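Asker: My structure is in data_3.tsv, and what it holds is TSV, C-alpha atoms:
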```tsv
chain	number	residue	atom	x	y	z
A	1	ASP	CA	-112.83	-48.36	-231.80
A	2	GLU	CA	-114.09	-50.59	-234.60
A	3	MET	CA	-112.73	-48.13	-237.17
A	4	ARG	CA	-109.41	-48.06	-235.37
A	5	GLU	CA	-109.19	-51.86	-235.37
A	6	GLU	CA	-110.03	-51.96	-239.08
A	7	HIS	CA	-107.36	-49.35	-239.75
A	8	TYR	CA	-104.61	-51.35	-238.02
A	9	ALA	CA	-105.89	-54.62	-239.50
A	10	SER	CA	-105.46	-53.15	-243.00
A	11	LEU	CA	-101.92	-52.11	-242.05
A	12	SER	CA	-101.06	-55.62	-240.93
A	13	GLU	CA	-101.62	-56.83	-244.49
A	14	ARG	CA	-98.90	-54.50	-245.77
A	15	LYS	CA	-95.31	-55.66	-245.83
A	16	PHE	CA	-92.45	-53.77	-244.23
A	17	LEU	CA	-88.68	-54.16	-244.09
A	18	THR	CA	-86.85	-54.10	-240.79
A	19	LEU	CA	-84.96	-50.85	-240.24
A	20	GLU	CA	-81.68	-52.74	-240.68
A	21	LYS	CA	-82.77	-54.11	-244.08
A	22	ALA	CA	-84.15	-50.72	-245.19
A	23	ARG	CA	-80.82	-49.10	-244.27
A	24	ALA	CA	-79.00	-51.70	-246.37
A	25	LYS	CA	-81.03	-50.39	-249.32
A	26	ALA	CA	-80.20	-46.71	-248.75
A	27	LEU	CA	-79.34	-44.52	-251.72
A	28	THR	CA	-75.53	-44.37	-251.99
A	29	PRO	CA	-74.48	-41.81	-254.60
A	30	ASP	CA	-70.92	-41.68	-255.91
A	31	TRP	CA	-69.90	-38.46	-254.16
A	32	LYS	CA	-66.52	-38.31	-255.88
A	33	LEU	CA	-68.31	-38.41	-259.24
A	34	SER	CA	-70.59	-35.45	-258.47
A	35	PRO	CA	-69.03	-33.56	-255.55
A	36	PRO	CA	-71.38	-31.24	-253.63
A	37	PRO	CA	-71.27	-27.59	-254.71
A	38	THR	CA	-69.50	-25.17	-252.34
A	39	PRO	CA	-71.89	-22.36	-251.36
A	40	LYS	CA	-71.08	-18.67	-251.78
A	41	LEU	CA	-72.89	-17.87	-248.54
A	42	LEU	CA	-71.99	-19.70	-245.33
A	43	GLY	CA	-74.10	-18.84	-242.30
A	44	THR	CA	-77.31	-16.82	-242.38
A	45	LYS	CA	-78.75	-13.84	-244.23
A	46	ALA	CA	-81.94	-12.02	-243.22
A	47	PHE	CA	-84.42	-10.14	-245.41
A	48	VAL	CA	-86.82	-7.64	-243.83
A	49	LYS	CA	-89.47	-5.50	-245.52
A	50	PHE	CA	-88.89	-7.44	-248.73
A	51	PRO	CA	-90.88	-5.78	-251.56
A	52	LEU	CA	-94.20	-7.64	-251.91
A	53	ALA	CA	-94.49	-6.58	-255.56
A	54	GLU	CA	-91.47	-8.79	-256.37
A	55	LEU	CA	-93.36	-11.83	-255.08
A	56	VAL	CA	-96.37	-11.49	-257.39
A	57	PRO	CA	-94.90	-13.37	-260.41
A	58	TYR	CA	-94.16	-16.35	-258.12
A	59	ILE	CA	-97.71	-16.77	-256.83
A	60	ASP	CA	-99.32	-20.17	-257.30
A	61	TRP	CA	-103.05	-19.43	-257.56
A	62	ASN	CA	-104.29	-23.04	-257.46
A	63	PRO	CA	-104.43	-23.36	-253.63
A	64	PHE	CA	-106.25	-20.00	-253.53
A	65	PHE	CA	-109.22	-21.51	-255.39
A	66	ALA	CA	-109.09	-24.54	-253.09
A	67	VAL	CA	-109.63	-22.20	-250.09
A	68	TRP	CA	-112.92	-21.17	-251.73
A	69	GLN	CA	-113.67	-24.82	-252.64
A	70	LEU	CA	-113.72	-24.04	-256.34
A	71	ARG	CA	-112.61	-26.79	-258.65
A	72	GLY	CA	-112.84	-26.79	-262.41
A	73	LYS	CA	-113.50	-29.97	-264.37
A	74	TYR	CA	-110.89	-31.35	-266.76
A	75	PRO	CA	-109.45	-29.74	-268.91
A	76	ASN	CA	-110.17	-26.58	-266.91
A	77	ARG	CA	-108.84	-27.68	-263.54
A	78	GLY	CA	-105.88	-25.42	-262.85
A	79	TYR	CA	-105.27	-21.68	-262.98
A	80	PRO	CA	-105.83	-19.90	-265.38
A	81	LYS	CA	-107.93	-22.50	-267.24
A	82	ILE	CA	-110.39	-22.63	-264.34
A	83	PHE	CA	-111.82	-19.32	-265.69
A	84	ASN	CA	-113.11	-21.25	-268.73
A	85	ASP	CA	-115.01	-23.77	-266.61
A	86	GLU	CA	-118.77	-23.70	-267.20
A	87	ALA	CA	-119.73	-24.30	-263.59
A	88	VAL	CA	-117.18	-22.29	-261.56
A	89	GLY	CA	-115.37	-20.12	-264.15
A	90	ALA	CA	-117.28	-16.87	-263.58
A	91	GLU	CA	-117.07	-17.14	-259.77
A	92	ALA	CA	-113.35	-18.00	-259.96
A	93	LYS	CA	-112.72	-14.95	-262.15
A	94	LYS	CA	-114.55	-12.64	-259.75
A	95	LEU	CA	-112.65	-14.02	-256.72
A	96	HIS	CA	-109.35	-13.67	-258.56
A	97	ASN	CA	-110.11	-10.05	-259.55
A	98	ASP	CA	-111.05	-9.21	-255.94
A	99	ALA	CA	-107.87	-10.86	-254.67
A	100	VAL	CA	-105.66	-9.00	-257.14
A	101	GLU	CA	-107.30	-5.70	-256.16
A	102	LEU	CA	-106.90	-6.33	-252.41
A	103	MET	CA	-103.34	-7.55	-252.98
A	104	GLN	CA	-102.50	-4.29	-254.77
A	105	HIS	CA	-104.02	-2.35	-251.85
A	106	PHE	CA	-101.76	-4.26	-249.41
A	107	ILE	CA	-98.72	-3.56	-251.63
A	108	ASP	CA	-99.48	0.16	-252.11
A	109	LYS	CA	-100.22	0.80	-248.44
A	110	LYS	CA	-97.51	-1.61	-247.15
A	111	LEU	CA	-100.08	-3.39	-244.95
A	112	LEU	CA	-98.35	-6.77	-244.99
A	113	GLU	CA	-94.64	-7.25	-244.33
A	114	ALA	CA	-92.44	-9.96	-245.84
A	115	ARG	CA	-89.53	-11.21	-243.73
A	116	ALA	CA	-87.17	-14.14	-244.11
A	117	VAL	CA	-83.92	-15.70	-243.04
A	118	VAL	CA	-81.90	-18.20	-245.05
A	119	GLY	CA	-78.94	-20.24	-243.91
A	120	ILE	CA	-76.39	-22.56	-245.52
A	121	PHE	CA	-74.22	-24.66	-243.23
A	122	PRO	CA	-71.40	-27.22	-243.46
A	123	ALA	CA	-72.97	-30.67	-242.96
A	124	ASN	CA	-72.37	-34.40	-243.35
A	125	SER	CA	-74.59	-37.39	-242.77
A	126	ALA	CA	-74.02	-39.81	-239.91
A	127	GLY	CA	-76.23	-42.83	-240.52
A	128	ASP	CA	-79.81	-41.58	-240.82
A	129	ASP	CA	-78.92	-38.22	-239.28
A	130	ILE	CA	-77.48	-34.99	-240.69
A	131	GLU	CA	-74.83	-33.30	-238.57
A	132	VAL	CA	-74.61	-29.53	-239.03
A	133	TYR	CA	-71.26	-28.01	-238.12
A	134	ALA	CA	-70.45	-24.64	-236.55
A	135	ASP	CA	-67.85	-23.87	-239.24
A	136	GLU	CA	-65.75	-25.34	-242.05
A	137	SER	CA	-63.37	-27.05	-239.60
A	138	ARG	CA	-66.33	-29.42	-239.00
A	139	SER	CA	-65.02	-30.13	-235.51
A	140	SER	CA	-68.06	-28.98	-233.55
A	141	VAL	CA	-71.69	-30.00	-234.17
A	142	ALA	CA	-74.06	-27.00	-234.01
A	143	GLY	CA	-77.19	-29.12	-234.48
A	144	THR	CA	-78.46	-32.44	-235.81
A	145	PHE	CA	-81.38	-33.11	-238.12
A	146	TYR	CA	-82.87	-36.56	-237.54
A	147	THR	CA	-84.45	-38.24	-240.54
A	148	LEU	CA	-86.87	-41.11	-241.08
A	149	ARG	CA	-86.37	-43.91	-243.58
A	150	GLN	CA	-88.94	-45.65	-245.78
A	151	GLN	CA	-89.82	-49.14	-244.56
A	152	GLU	CA	-92.94	-50.04	-246.51
A	153	GLU	CA	-92.16	-52.68	-249.15
A	154	ARG	CA	-91.88	-51.12	-252.61
A	155	GLU	CA	-90.70	-51.92	-256.09
A	156	ASP	CA	-87.92	-49.29	-255.99
A	157	GLU	CA	-84.49	-50.59	-255.14
A	158	ASN	CA	-83.82	-47.80	-252.63
A	159	TYR	CA	-85.47	-47.10	-249.30
A	160	LEU	CA	-84.87	-43.39	-248.82
A	161	ALA	CA	-84.13	-41.09	-245.90
A	162	MET	CA	-83.19	-37.41	-246.32
A	163	SER	CA	-79.73	-38.17	-244.92
A	164	ASP	CA	-79.02	-40.13	-248.14
A	165	PHE	CA	-78.84	-36.79	-249.97
A	166	ILE	CA	-75.86	-35.55	-247.91
A	167	ALA	CA	-72.33	-36.97	-248.21
A	168	PRO	CA	-71.40	-39.16	-245.24
A	169	LYS	CA	-68.99	-38.19	-242.50
A	170	GLY	CA	-65.71	-39.98	-243.10
A	171	SER	CA	-66.15	-39.86	-246.90
A	172	GLY	CA	-63.74	-36.94	-247.11
A	173	VAL	CA	-66.42	-35.04	-249.05
A	174	LYS	CA	-67.45	-31.63	-247.74
A	175	ASP	CA	-71.18	-31.17	-248.00
A	176	TYR	CA	-73.71	-28.56	-246.92
A	177	VAL	CA	-77.37	-28.23	-245.96
A	178	GLY	CA	-79.57	-25.15	-246.23
A	179	ALA	CA	-82.70	-23.94	-244.45
A	180	PHE	CA	-85.05	-20.98	-244.55
A	181	ALA	CA	-88.02	-19.48	-242.75
A	182	VAL	CA	-90.23	-16.91	-244.47
A	183	SER	CA	-93.40	-15.07	-243.51
A	184	CYS	CA	-95.76	-12.61	-245.15
A	185	GLY	CA	-98.13	-12.66	-242.20
A	186	PHE	CA	-96.87	-9.59	-240.34
A	187	GLY	CA	-99.83	-7.20	-240.39
A	188	SER	CA	-102.33	-9.92	-241.30
A	189	ASP	CA	-103.82	-10.28	-237.79
A	190	ASP	CA	-104.43	-6.51	-237.54
A	191	LEU	CA	-106.10	-6.44	-240.95
A	192	CYS	CA	-108.31	-9.42	-240.07
A	193	GLU	CA	-109.30	-7.78	-236.76
A	194	LYS	CA	-110.24	-4.59	-238.63
A	195	TYR	CA	-112.36	-6.54	-241.17
A	196	LYS	CA	-114.01	-8.58	-238.39
A	197	LYS	CA	-115.08	-5.36	-236.66
A	198	GLU	CA	-116.60	-4.26	-239.98
A	199	ASN	CA	-118.36	-7.67	-240.23
A	200	ASN	CA	-116.50	-8.24	-243.47
A	201	ASP	CA	-115.88	-11.99	-243.31
A	202	TYR	CA	-115.15	-12.08	-247.02
A	203	ASN	CA	-112.09	-9.85	-246.60
A	204	VAL	CA	-110.96	-11.81	-243.52
A	205	ILE	CA	-110.78	-15.02	-245.56
A	206	MET	CA	-109.33	-13.11	-248.52
A	207	THR	CA	-106.57	-11.52	-246.38
A	208	GLU	CA	-105.52	-14.86	-244.90
A	209	ALA	CA	-105.54	-16.49	-248.34
A	210	ILE	CA	-103.47	-13.65	-249.87
A	211	ALA	CA	-100.93	-13.69	-247.01
A	212	ASP	CA	-100.56	-17.45	-247.54
A	213	ARG	CA	-100.04	-17.05	-251.30
A	214	PHE	CA	-97.42	-14.35	-250.66
A	215	ALA	CA	-95.57	-16.58	-248.16
A	216	GLU	CA	-95.45	-19.53	-250.58
A	217	ALA	CA	-94.33	-17.17	-253.35
A	218	PHE	CA	-91.58	-15.81	-251.09
A	219	ALA	CA	-90.39	-19.37	-250.40
A	220	GLU	CA	-90.30	-20.00	-254.16
A	221	LEU	CA	-88.36	-16.79	-254.85
A	222	LEU	CA	-85.89	-17.38	-252.00
A	223	HIS	CA	-85.22	-20.96	-253.05
A	224	ALA	CA	-84.45	-19.66	-256.56
A	225	LYS	CA	-82.17	-17.00	-255.01
A	226	MET	CA	-80.35	-19.75	-253.08
A	227	ARG	CA	-79.86	-21.89	-256.20
A	228	LYS	CA	-78.68	-19.02	-258.40
A	229	GLU	CA	-76.83	-16.66	-256.02
A	230	LEU	CA	-76.47	-17.53	-252.34
A	231	TRP	CA	-75.53	-21.19	-252.82
A	232	GLY	CA	-74.93	-20.50	-256.47
A	233	TYR	CA	-74.91	-24.07	-257.76
A	234	SER	CA	-77.27	-23.20	-260.66
A	235	PRO	CA	-76.07	-19.70	-261.64
A	236	ASP	CA	-77.37	-20.07	-265.19
A	237	GLU	CA	-80.78	-21.47	-264.25
A	238	ASN	CA	-83.31	-19.71	-266.43
A	239	ILE	CA	-86.79	-21.09	-265.83
A	240	SER	CA	-90.13	-19.36	-265.57
A	241	PRO	CA	-91.99	-19.13	-262.24
A	242	ASP	CA	-94.49	-21.50	-263.85
A	243	ASP	CA	-91.79	-24.15	-264.36
A	244	MET	CA	-90.55	-23.55	-260.82
A	245	LEU	CA	-93.97	-24.56	-259.54
A	246	LYS	CA	-93.50	-27.80	-261.49
A	247	VAL	CA	-90.13	-28.28	-259.70
A	248	LYS	CA	-88.03	-28.24	-262.86
A	249	TYR	CA	-84.81	-27.39	-261.03
A	250	GLN	CA	-82.00	-29.12	-259.13
A	251	GLY	CA	-82.49	-29.69	-255.42
A	252	ILE	CA	-85.42	-29.92	-253.01
A	253	ARG	CA	-86.87	-27.99	-250.05
A	254	PRO	CA	-88.77	-30.44	-247.84
A	255	ALA	CA	-90.62	-28.97	-244.88
A	256	PRO	CA	-90.94	-30.63	-241.44
A	257	GLY	CA	-94.46	-31.97	-241.03
A	258	TYR	CA	-94.71	-32.99	-244.69
A	259	PRO	CA	-94.29	-36.47	-246.27
A	260	THR	CA	-90.48	-36.37	-246.70
A	261	GLN	CA	-90.01	-35.52	-242.99
A	262	PRO	CA	-93.33	-35.78	-241.16
A	263	ASP	CA	-91.90	-34.81	-237.75
A	264	HIS	CA	-92.73	-31.25	-236.64
A	265	THR	CA	-90.29	-31.54	-233.69
A	266	GLU	CA	-87.44	-31.00	-236.16
A	267	LYS	CA	-88.38	-27.32	-236.46
A	268	PRO	CA	-86.72	-26.03	-233.26
A	269	THR	CA	-83.31	-27.16	-234.59
A	270	MET	CA	-83.92	-25.11	-237.74
A	271	TRP	CA	-84.97	-22.13	-235.63
A	272	LYS	CA	-81.83	-22.38	-233.51
A	273	LEU	CA	-79.46	-22.64	-236.51
A	274	LEU	CA	-81.20	-19.82	-238.40
A	275	ASN	CA	-81.67	-17.72	-235.25
A	276	ALA	CA	-85.06	-17.32	-236.90
A	277	GLU	CA	-87.07	-15.64	-234.16
A	278	LYS	CA	-84.42	-12.95	-233.50
A	279	GLU	CA	-83.77	-12.36	-237.22
A	280	THR	CA	-87.40	-12.29	-238.40
A	281	GLY	CA	-89.86	-12.40	-235.49
A	282	ILE	CA	-91.29	-15.69	-236.82
A	283	SER	CA	-91.86	-17.88	-233.76
A	284	LEU	CA	-92.88	-21.46	-233.01
A	285	THR	CA	-95.88	-22.28	-230.84
A	286	ASP	CA	-95.88	-25.14	-228.30
A	287	SER	CA	-97.21	-27.43	-231.03
A	288	HIS	CA	-94.40	-26.26	-233.37
A	289	ALA	CA	-96.80	-24.36	-235.63
A	290	MET	CA	-95.33	-21.17	-237.05
A	291	TRP	CA	-96.55	-17.71	-236.09
A	292	PRO	CA	-97.63	-15.67	-238.03
A	293	ALA	CA	-99.72	-18.37	-239.70
A	294	ALA	CA	-98.72	-17.25	-243.22
A	295	SER	CA	-95.21	-18.67	-242.87
A	296	VAL	CA	-93.18	-21.35	-244.65
A	297	SER	CA	-90.00	-23.11	-243.54
A	298	ALA	CA	-87.91	-25.84	-245.10
A	299	LEU	CA	-84.59	-27.60	-245.28
A	300	VAL	CA	-82.75	-27.13	-248.57
A	301	PHE	CA	-80.77	-29.85	-250.36
A	302	ALA	CA	-78.65	-28.99	-253.40
A	303	ASN	CA	-77.27	-32.31	-254.63
A	304	PRO	CA	-78.66	-33.71	-257.91
A	305	CYS	CA	-79.55	-37.00	-256.17
A	306	SER	CA	-82.00	-35.28	-253.80
A	307	GLN	CA	-85.66	-35.93	-254.52
A	308	TYR	CA	-89.03	-35.64	-252.83
A	309	PHE	CA	-90.43	-38.88	-251.45
A	310	GLN	CA	-92.97	-40.09	-248.93
A	311	VAL	CA	-91.63	-41.73	-245.79
A	312	GLY	CA	-94.95	-43.56	-245.44
A	313	ARG	CA	-95.62	-45.79	-242.43
A	314	VAL	CA	-92.80	-46.59	-240.03
A	315	CYS	CA	-92.41	-49.60	-237.75
A	316	LYS	CA	-91.73	-49.97	-234.06
A	317	ASP	CA	-88.02	-50.76	-234.54
A	318	GLN	CA	-87.50	-47.42	-236.29
A	319	ILE	CA	-89.56	-45.47	-233.74
A	320	HIS	CA	-87.46	-46.88	-230.88
A	321	ASP	CA	-84.24	-46.13	-232.75
A	322	TYR	CA	-85.40	-42.61	-233.70
A	323	ALA	CA	-86.51	-41.80	-230.13
A	324	ALA	CA	-83.12	-42.90	-228.76
A	325	ARG	CA	-81.25	-40.77	-231.32
A	326	LYS	CA	-83.41	-37.73	-230.58
A	327	GLY	CA	-83.30	-38.15	-226.81
A	328	MET	CA	-87.11	-38.40	-226.65
A	329	THR	CA	-89.31	-41.06	-225.09
A	330	VAL	CA	-91.03	-43.57	-227.38
A	331	PRO	CA	-94.55	-42.35	-226.38
A	332	GLU	CA	-93.52	-38.75	-227.23
A	333	VAL	CA	-92.36	-39.76	-230.69
A	334	GLU	CA	-95.48	-41.91	-231.19
A	335	LYS	CA	-97.63	-38.89	-230.30
A	336	TRP	CA	-95.94	-36.67	-232.92
A	337	LEU	CA	-95.84	-39.35	-235.60
A	338	GLY	CA	-99.27	-40.89	-234.89
A	339	PRO	CA	-100.59	-40.92	-238.49
A	340	TYR	CA	-97.34	-42.49	-239.75
A	341	LEU	CA	-97.18	-45.48	-237.38
A	342	ALA	CA	-97.44	-48.93	-238.97
A	343	TYR	CA	-98.66	-50.37	-235.64
A	344	ASP	CA	-101.13	-49.61	-232.88
A	345	PRO	CA	-99.13	-47.94	-230.07
A	346	ASP	CA	-101.84	-48.86	-227.53
A	347	ALA	CA	-101.98	-52.56	-228.42
```
Could you spell out this file's structure in C-alpha cells?
Answerer:
Amino acid sequence: DEMREEHYASLSERKFLTLEKARAKALTPDWKLSPPPTPKLLGTKAFVKFPLAELVPYIDWNPFFAVWQLRGKYPNRGYPKIFNDEAVGAEAKKLHNDAVELMQHFIDKKLLEARAVVGIFPANSAGDDIEVYADESRSSVAGTFYTLRQQEEREDENYLAMSDFIAPKGSGVKDYVGAFAVSCGFGSDDLCEKYKKENNDYNVIMTEAIADRFAEAFAELLHAKMRKELWGYSPDENISPDDMLKVKYQGIRPAPGYPTQPDHTEKPTMWKLLNAEKETGISLTDSHAMWPAASVSALVFANPCSQYFQVGRVCKDQIHDYAARKGMTVPEVEKWLGPYLAYDPDA
C-alpha cells in the first residue's frame, strides 16, 4: 500500500489539462490541402496459407534476441552487429543459426500456417471517436472506434487523439480507416506439444519465438501491401524491409493495448468489421488477447498527419466521458485502463 501511495503521490505532482482544454489543442490538419487518398480496396480481403518464405525478408530479429535475454553492448546492440559482441556474440550467432534452420524446416514441411484479413472502410471522425460506415453513402454506422486524448502537460502545441488523423464528419471530406489481423501461430501449439513430449524445451521456446517473428513480419508485409496496392496511396514506395522497420513510410498502424490506444476493449469492433474469426480463425479470448498467441492486429491510418504518440496518463474527466461514449461503466473502464490512470480509482 505504501508503494501505491507513493505512486499516486508522484502523479499528483504532474500537471494535466482538463479534457475540454486538451480537445481545444487537438491537431486540426487542413483536409482540403491534403485530401485523404481514396483506397482501391473497400471492404475486406483474406489471405490463407500465405507463403511463409515471402515473410523471411521482413523479419525483425532484435526481439528474438530479447526472448533469450541477449543484449550486445554499444556499438553491437542490434542485429546483425550483436554477432560481433565480445560477451554474447557467439551465443547469439548459434541461436540465430538454429532459428534459421528450424524456420526452414517449418517452411519446407508447411508446419506453420500464415493467415490474415485486411479491411479498408469509409470513416470520419466525430469528436474523439472514429465512425466507420457500412458503405460510401456514409449513412449507416457499422462500428465506432473510441480514442483517448493526451492530457499530461507537454511542450508540444497539440494534445493528440487518433481521431485527429481522420477528417471530421461535416467537413465534406471523405476519409477512410484500415485494419488488419494476422497470425502465423496456426500449427504452433501442436509443434510445442510434440517438443514438450520429447522434453525439448529449447525447441518449444524457439518455435514460439519463430511464430512471433513470422507474425510481426506478416504485419510488416501486409502494411506495405496496403500502402502500395490495396489502399494504393504510396504506389511508388520503394524502401527496404530494414527501412520499414524504422518506419520510413507514410501512415501508421497502432495496435489496441499499445501506447497510442491502450484500451484492449477496442479489439472486438475490429473483429466485427473484419469478420476476422470467420475469415481467418483468429479469435479473441475473454481478456481480448488474440489466439493463436503469434498474432498481430492494428488499425491503419494513411494520412500524412498521422503519427505514433503515447496517450500517457488520463484523468477522471476523460474516463467518465470515455465510459459514457463506449456504453461501459466507469469501474469497467478503470479496470482496463488501470496503468494509464492519473488518479487512484479507490481513493
Asker: Between atom CA of A:Ser283 and atom CA of A:Ser297, what is the spacing in Å?
Answerer: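 According to the coordinates, atom CA of A:Ser297 and atom CA of A:Ser283 are separated by 11.2 Å.
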Asker: Quick one: pull the distance between atom CA of A:Ala53 and atom CA of A:Met226, Å, one decimal.
Answerer: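 Straight-line distance from atom CA of A:Ala53 to atom CA of A:Met226 works out to 19.5 Å.
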Asker: Counting all atoms listed in the file, what is within 8 Å of A:Phe309, bar same-chain residues fewer than 4 positions away, as a compact mmCIF listing (two decimals) with C-alpha atoms, keeping the file's coordinate frame?
Answerer:
```txt
# COMPACT_ATOMS: atom_id res chain seq x y z
CA LEU A 160 -84.87 -43.39 -248.82
CA PRO A 259 -94.29 -36.47 -246.27
CA THR A 260 -90.48 -36.37 -246.70
```
Asker: I'd like the contact shell of stretch 17-25 of chain A - 6 Å cut-off, only C-alpha atoms, skipping same-chain residues fewer than 6 positions apart - returned as a list in words.
Answerer: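 These residues fall inside the cut-off: Gln151, Asn158, Tyr159 and Gln318 of chain A.
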Asker: Interatomic distance between atom CA of A:Ala114 and atom CA of A:Pro256?
Answerer: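 Going from atom CA of A:Ala114 over to atom CA of A:Pro256, I get 21.2 Å.
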Asker: Name all residues at most 10 Å from A:Met162 (count only C-alpha atoms; drop same-chain ones fewer than 5 positions away) and give them as JSON, numbers by chain.
Answerer: {"A": [27, 125, 128, 129, 130, 145, 146, 147, 148, 149, 254, 260, 261, 299, 301, 306, 307, 308, 309, 311]}
Asker: Just the residues within 12 Å of A:Asp30, please, counting only C-alpha atoms, with nothing from its chain fewer than 6 positions along; format it as a list of chain:residue names.
Answerer: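 Counting only C-alpha atoms, the residues come to A:Pro36, A:Asp164, A:Phe165, A:Ile166, A:Ala167, A:Pro168, A:Ser171, A:Val173, A:Asn303, A:Pro304, A:Cys305.
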Asker: Keeping only C-alpha atoms, write the selected residues as a CSV table (one decimal), in the coordinates of the input.
Answerer:
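Resulting contents of out.csv:
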```
chain,number,residue,atom,x,y,z
A,36,PRO,CA,-71.4,-31.2,-253.6
A,164,ASP,CA,-79.0,-40.1,-248.1
A,165,PHE,CA,-78.8,-36.8,-250.0
A,166,ILE,CA,-75.9,-35.6,-247.9
A,167,ALA,CA,-72.3,-37.0,-248.2
A,168,PRO,CA,-71.4,-39.2,-245.2
A,171,SER,CA,-66.2,-39.9,-246.9
A,173,VAL,CA,-66.4,-35.0,-249.0
A,303,ASN,CA,-77.3,-32.3,-254.6
A,304,PRO,CA,-78.7,-33.7,-257.9
A,305,CYS,CA,-79.6,-37.0,-256.2
```
Asker: For A:His105, which residue among A:Pro75, A:Thr207, A:Ser163, A:Val88 is the nearest when counting all atoms listed in the file?
Answerer: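 Looking at the shortest contact to A:His105, the residue is A:Thr207.
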Asker: Please, what is the axis-aligned box for every listed atom of stretch 257-260 of chain A with 3 Å on each side, as centre and edge lengths in Å to one decimal, as lines of an AutoDock Vina configuration file?
Answerer:
```
center_x = -92.6
center_y = -34.2
center_z = -243.9
size_x = 10.2
size_y = 10.5
size_z = 11.7
```
Asker: Check the smallest atom-to-atom distance from each of A:Lys278, A:Leu55, A:Pro331, A:Trp68 to A:Ala224 using only C-alpha atoms, then report the winner.
Answerer: A:Leu55
Asker: I'd like the contact shell of A:Leu42 - 12 Å cut-off, only C-alpha atoms, skipping same-chain residues fewer than 5 positions apart - returned as a PyMOL selection string.
Answerer: chain A and resi 118-123+132-136+175-179+226+230-232+273-274
